[in-house]
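A quick write-up on the structure given underneath.
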Amino acid sequence: MTPKPQAGNPRPRLFRLEHDRAVINRMGFNNQGLAAVAARLKAVHGRLPGPIGVNLGKNKDSEDASADYAALAEGLAPVADFLVVNVSSPNTPGLRALQNTAPLRQIITATRAARDRSGAKPALLLKVAPDLDKESLRDIVALARDEALDGLVISNTTVGRPETLTSPHRSETGGLSGAPLFEFSTGVLREAYALSEGRLTFIGAGGVASGADAYAKIRAGASLVQLYSALVYGGPGLIVRITRDLAALLKRDGFTAVSQAVGLDHRVK
Ligand SMILES: Cc1cc2nc3c(=O)[nH]c(=O)nc-3n(C[C@H](O)[C@H](O)[C@H](O)COP(=O)(O)O)c2cc1C
């Protein structure tokens, strides 16, 4: 969400790539803004079964990104379990440039200070693009450690278009998510986990559609797994299938908790 309400990009802005089990979106942070979202979350705070994470973005017309992230953190910290600074959506012009060290440090400092002013202490994470080069990823992991962030969400959608895509909408502008993102985003997660030397927590996202996919993210370094696009094709029952299959895979390998398998790929090599 963004501080002020905004309409997002003109429709159509969301495309199914059915043959590829993928989605391309260029929504552009359509949302009702901080006040509406804070009120809605306040009404359910403490009454939902799982942790509530809030994804923070900046308004398209904002000239002070730090101020936007800080305003959201201050307003939403009391009703969230974790906050995610999103500087990786491809659909807000200039947003991904905020992944560079100087602006990023400024944003994180301002966001954390604002969270602390709120009196509440939700975890603070950063969500990154899968399209970062190696050096940028190294800089971000170093910055996350320096700034004592609680973790990284890896990853957002990609602006890349793998040659394997066959669906008619494959050339639409926007971020690609779903199955074709799986290997790519898991590779970035694996690399970031190795760079972090076990000192950061990772949320794995990108193309998860099965228990085996979730398990692969965990073995690459994720402590938590998120999915979105696969719900389009698998429906809400998918979550039950994934948790059931993941539990069976963990048991097969002799684990009694997800935490025991986090980063396993790095240990067995
Ligand atoms: C329609 C749509 C809207 C999204 N909006 C956001 C957003 O506002 N903020 C964000 O960080 N990621 C956003 N994402 C990216 C997803 O959160 C996720 O990182 C990405 O889709 C990869 O996971 P998946 O392959 O399971 O979908 C969006 C994705 C889709 C498909």
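Chain labels run A, B, ... following the order of the structure tokens; each chain numbers its residues from 1, and ligands are numbered from 1 in the order shown.
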
Quiz item: Which residues sit within 9 Å of ligand 1, counting only C-alpha atoms and all ligand atoms, listed as a ChimeraX atom specification?
Solution: /A:1,13-15,22-31,55-57,84-89,127-129,153-158,175-182,185,204-209,226-231

Now that the selection is made, can you save its residues with C-alpha atoms as a PDB file, in the first residue's frame?
```
ATOM      1  CA  MET A   1       0.000   0.000   0.000  1.00  0.00           C
ATOM      2  CA  ARG A  13      -3.188  -4.615 -16.136  1.00  0.00           C
ATOM      3  CA  LEU A  14      -3.279  -8.278 -15.149  1.00  0.00           C
ATOM      4  CA  PHE A  15      -2.788 -11.202 -17.529  1.00  0.00           C
ATOM      5  CA  ALA A  22       2.308 -17.713 -14.887  1.00  0.00           C
ATOM      6  CA  VAL A  23       0.912 -14.209 -14.454  1.00  0.00           C
ATOM      7  CA  ILE A  24       2.057 -10.817 -15.705  1.00  0.00           C
ATOM      8  CA  ASN A  25       0.841  -7.806 -13.757  1.00  0.00           C
ATOM      9  CA  ARG A  26       1.305  -4.063 -14.001  1.00  0.00           C
ATOM     10  CA  MET A  27      -1.212  -3.120 -11.319  1.00  0.00           C
ATOM     11  CA  GLY A  28       0.790  -0.090 -10.125  1.00  0.00           C
ATOM     12  CA  PHE A  29      -0.118  -0.175  -6.406  1.00  0.00           C
ATOM     13  CA  ASN A  30      -3.852   0.404  -6.744  1.00  0.00           C
ATOM     14  CA  ASN A  31      -5.006   0.819  -3.155  1.00  0.00           C
ATOM     15  CA  ASN A  55       3.727  -4.397   2.125  1.00  0.00           C
ATOM     16  CA  LEU A  56       4.837  -0.761   1.930  1.00  0.00           C
ATOM     17  CA  GLY A  57       5.199   1.171  -1.323  1.00  0.00           C
ATOM     18  CA  VAL A  84       7.960  -5.174   4.241  1.00  0.00           C
ATOM     19  CA  VAL A  85       9.686  -2.278   2.500  1.00  0.00           C
ATOM     20  CA  ASN A  86       8.957  -2.931  -1.146  1.00  0.00           C
ATOM     21  CA  VAL A  87      11.491  -1.309  -3.461  1.00  0.00           C
ATOM     22  CA  SER A  88      11.207  -4.011  -6.089  1.00  0.00           C
ATOM     23  CA  SER A  89       7.907  -3.611  -7.930  1.00  0.00           C
ATOM     24  CA  LYS A 127      11.665  -7.175  -0.474  1.00  0.00           C
ATOM     25  CA  VAL A 128      13.989  -7.350  -3.454  1.00  0.00           C
ATOM     26  CA  ALA A 129      13.756  -7.991  -7.185  1.00  0.00           C
ATOM     27  CA  VAL A 153      11.793 -11.284   1.081  1.00  0.00           C
ATOM     28  CA  ILE A 154      13.179 -12.909  -2.088  1.00  0.00           C
ATOM     29  CA  SER A 155      11.685 -12.219  -4.513  1.00  0.00           C
ATOM     30  CA  ASN A 156       9.299  -9.918  -6.272  1.00  0.00           C
ATOM     31  CA  THR A 157       8.261 -10.447  -9.917  1.00  0.00           C
ATOM     32  CA  THR A 158      10.805 -10.353 -12.757  1.00  0.00           C
ATOM     33  CA  GLY A 175       6.245  -8.243 -13.658  1.00  0.00           C
ATOM     34  CA  LEU A 176       6.228 -11.958 -14.413  1.00  0.00           C
ATOM     35  CA  SER A 177       5.331 -14.345 -11.577  1.00  0.00           C
ATOM     36  CA  GLY A 178       4.391 -18.003 -11.196  1.00  0.00           C
ATOM     37  CA  ALA A 179       6.124 -21.181 -12.375  1.00  0.00           C
ATOM     38  CA  PRO A 180       8.697 -19.582 -14.738  1.00  0.00           C
ATOM     39  CA  LEU A 181       9.976 -17.485 -11.800  1.00  0.00           C
ATOM     40  CA  PHE A 182      10.593 -20.455  -9.514  1.00  0.00           C
ATOM     41  CA  SER A 185      14.020 -16.582  -7.606  1.00  0.00           C
ATOM     42  CA  GLY A 204      11.031 -17.288  -0.073  1.00  0.00           C
ATOM     43  CA  ALA A 205       8.587 -16.242  -2.817  1.00  0.00           C
ATOM     44  CA  GLY A 206       8.369 -16.887  -6.532  1.00  0.00           C
ATOM     45  CA  GLY A 207       6.619 -19.702  -8.332  1.00  0.00           C
ATOM     46  CA  VAL A 208       5.710 -21.861  -5.361  1.00  0.00           C
ATOM     47  CA  ALA A 209       2.903 -24.222  -6.428  1.00  0.00           C
ATOM     48  CA  GLN A 226       4.829 -17.051   0.337  1.00  0.00           C
ATOM     49  CA  LEU A 227       2.832 -17.692  -2.803  1.00  0.00           C
ATOM     50  CA  TYR A 228       0.391 -15.776  -4.909  1.00  0.00           C
ATOM     51  CA  SER A 229       0.177 -16.685  -8.615  1.00  0.00           C
ATOM     52  CA  ALA A 230      -0.306 -20.423  -8.041  1.00  0.00           C
ATOM     53  CA  LEU A 231      -3.577 -19.640  -6.244  1.00  0.00           C
TER      54      LEU A 231
END
```

Exercise. Using DSSP on the backbone coordinates, identify all residues within stretch 23-251 of chain A classified as helix (DSSP H, G or I); present the result as a PyMOL selection string.
Key: chain A and resi 34-44+65-79+95-99+101-118+134-146+168-171+179-196+211-220+229-234+237-251

Practice problem: Please provide as a ChimeraX atom specification all residues within 12 Å of A:Arg112, with the sequence filter that same-chain residues fewer than 5 positions apart are discarded (counting only C-alpha atoms). | Solution: /A:66-67,69-74,77,82-85,105-107,117-126,147-150

Selection above as a file: N, CA, C and O atoms, as a compact mmCIF listing (two decimals), in the first residue's frame:
```
# COMPACT_ATOMS: atom_id res chain seq x y z
N SER A 66 11.43 8.20 1.11
CA SER A 66 11.65 7.89 2.54
C SER A 66 10.46 8.33 3.37
O SER A 66 10.04 7.61 4.29
N ALA A 67 9.94 9.52 3.07
CA ALA A 67 8.81 10.05 3.85
C ALA A 67 7.58 9.15 3.67
O ALA A 67 6.82 8.93 4.62
N TYR A 69 7.56 5.79 2.99
CA TYR A 69 7.75 4.54 3.75
C TYR A 69 7.62 4.80 5.25
O TYR A 69 7.05 4.00 6.00
N ALA A 70 8.17 5.95 5.69
CA ALA A 70 8.13 6.27 7.13
C ALA A 70 6.68 6.48 7.59
O ALA A 70 6.28 5.99 8.65
N ALA A 71 5.91 7.21 6.78
CA ALA A 71 4.51 7.48 7.17
C ALA A 71 3.73 6.17 7.29
O ALA A 71 2.94 5.97 8.23
N LEU A 72 3.97 5.27 6.35
CA LEU A 72 3.27 3.98 6.39
C LEU A 72 3.70 3.17 7.62
O LEU A 72 2.88 2.56 8.30
N ALA A 73 5.00 3.17 7.90
CA ALA A 73 5.50 2.38 9.03
C ALA A 73 4.91 2.91 10.34
O ALA A 73 4.48 2.12 11.19
N GLU A 74 4.86 4.22 10.47
CA GLU A 74 4.35 4.79 11.72
C GLU A 74 2.87 4.48 11.90
O GLU A 74 2.42 4.10 12.97
N ALA A 77 2.49 0.15 11.96
CA ALA A 77 3.21 -0.70 12.92
C ALA A 77 2.29 -1.25 14.02
O ALA A 77 2.39 -2.42 14.37
N PHE A 82 4.53 -7.85 10.79
CA PHE A 82 5.77 -7.50 10.10
C PHE A 82 5.48 -6.52 8.97
O PHE A 82 4.38 -6.51 8.41
N LEU A 83 6.46 -5.69 8.71
CA LEU A 83 6.37 -4.68 7.65
C LEU A 83 7.41 -5.01 6.59
O LEU A 83 8.53 -5.39 6.92
N VAL A 84 7.03 -4.89 5.34
CA VAL A 84 7.96 -5.17 4.24
C VAL A 84 8.15 -3.92 3.39
O VAL A 84 7.18 -3.42 2.80
N VAL A 85 9.36 -3.41 3.37
CA VAL A 85 9.69 -2.28 2.50
C VAL A 85 9.86 -2.82 1.09
O VAL A 85 10.75 -3.62 0.82
N ARG A 105 19.59 2.87 2.24
CA ARG A 105 19.96 3.09 3.64
C ARG A 105 19.09 4.19 4.26
O ARG A 105 18.61 4.08 5.37
N GLN A 106 18.87 5.23 3.46
CA GLN A 106 18.05 6.35 3.95
C GLN A 106 16.61 5.88 4.22
O GLN A 106 16.02 6.22 5.25
N ILE A 107 16.08 5.09 3.33
CA ILE A 107 14.71 4.60 3.49
C ILE A 107 14.59 3.71 4.73
O ILE A 107 13.67 3.84 5.53
N ARG A 117 8.90 5.13 16.65
CA ARG A 117 8.07 6.22 17.18
C ARG A 117 6.65 5.75 17.48
O ARG A 117 5.98 6.26 18.37
N SER A 118 6.21 4.75 16.72
CA SER A 118 4.83 4.28 16.88
C SER A 118 4.65 3.55 18.21
O SER A 118 3.55 3.35 18.68
N GLY A 119 5.77 3.11 18.80
CA GLY A 119 5.69 2.37 20.06
C GLY A 119 5.51 0.88 19.85
O GLY A 119 5.70 0.09 20.77
N ALA A 120 5.15 0.48 18.63
CA ALA A 120 4.97 -0.95 18.35
C ALA A 120 6.25 -1.47 17.67
O ALA A 120 7.02 -0.70 17.13
N LYS A 121 6.44 -2.76 17.72
CA LYS A 121 7.70 -3.32 17.21
C LYS A 121 7.51 -4.47 16.22
O LYS A 121 8.06 -5.55 16.40
N PRO A 122 6.74 -4.26 15.16
CA PRO A 122 6.68 -5.34 14.17
C PRO A 122 8.05 -5.52 13.52
O PRO A 122 8.85 -4.59 13.47
N ALA A 123 8.33 -6.74 13.05
CA ALA A 123 9.57 -6.99 12.35
C ALA A 123 9.62 -6.14 11.08
O ALA A 123 8.59 -5.79 10.51
N LEU A 124 10.85 -5.82 10.65
CA LEU A 124 11.02 -4.99 9.46
C LEU A 124 11.86 -5.77 8.44
O LEU A 124 12.98 -6.15 8.72
N LEU A 125 11.26 -5.99 7.27
CA LEU A 125 11.94 -6.73 6.21
C LEU A 125 12.01 -5.90 4.94
O LEU A 125 11.29 -4.89 4.81
N LEU A 126 12.84 -6.35 4.02
CA LEU A 126 13.01 -5.67 2.74
C LEU A 126 12.74 -6.68 1.63
O LEU A 126 13.19 -7.82 1.72
N GLU A 147 22.24 -2.86 9.00
CA GLU A 147 21.09 -2.13 9.55
C GLU A 147 20.25 -3.03 10.46
O GLU A 147 19.18 -2.62 10.92
N ALA A 148 20.73 -4.24 10.67
CA ALA A 148 20.02 -5.19 11.53
C ALA A 148 18.55 -5.36 11.13
O ALA A 148 17.66 -5.40 11.98
N LEU A 149 18.32 -5.45 9.83
CA LEU A 149 16.95 -5.76 9.37
C LEU A 149 16.58 -7.17 9.86
O LEU A 149 17.44 -8.02 10.04
N ASP A 150 15.30 -7.40 10.01
CA ASP A 150 14.87 -8.74 10.46
C ASP A 150 14.94 -9.75 9.33
O ASP A 150 14.99 -10.95 9.61
```

Self-check item: Among the residues A:Lys58, A:Asp81, A:Val159, A:Asp68, the one that comes closest to A:Gly174 [using only C-alpha atoms]
Solution: A:Val159

Practice problem: Identify, on the basis of only C-alpha atoms, every residue whose closest approach to stretch 41-46 of chain A does not exceed 10 Å; exclude the query and any residue fewer than 5 positions from it along the same chain; express the result as number ranges by chain. | Solution: A: 36, 51-52, 54, 76, 78-81

Quiz item: What residues in stretch 58-220 of chain A get the DSSP label strand (DSSP E)? Please answer as a ChimeraX atom specification.
Solution: /A:82-86,123-128,151-154,175-178,201-205

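The space separating atom CA of A:Gly160 from atom CA of A:Glu183 comes to 12.9 Å.
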
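Using only C-alpha atoms, the nearest neighbour of A:Arg96 within the list A:Ala35, A:Leu195, A:Leu132, A:Leu250 is A:Leu132.
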
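When atom CA of A:Leu17 is paired with atom CA of A:Asp133, their separation reads 26.4 Å.
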
Exercise. Could you give me, as a PyMOL selection string, the residues within 8 Å of stretch 241-246 of chain A, counting only C-alpha atoms and dropping anything in the same chain fewer than 3 positions from it?
Key: chain A and resi 209-212+214-215+237-238+249-250
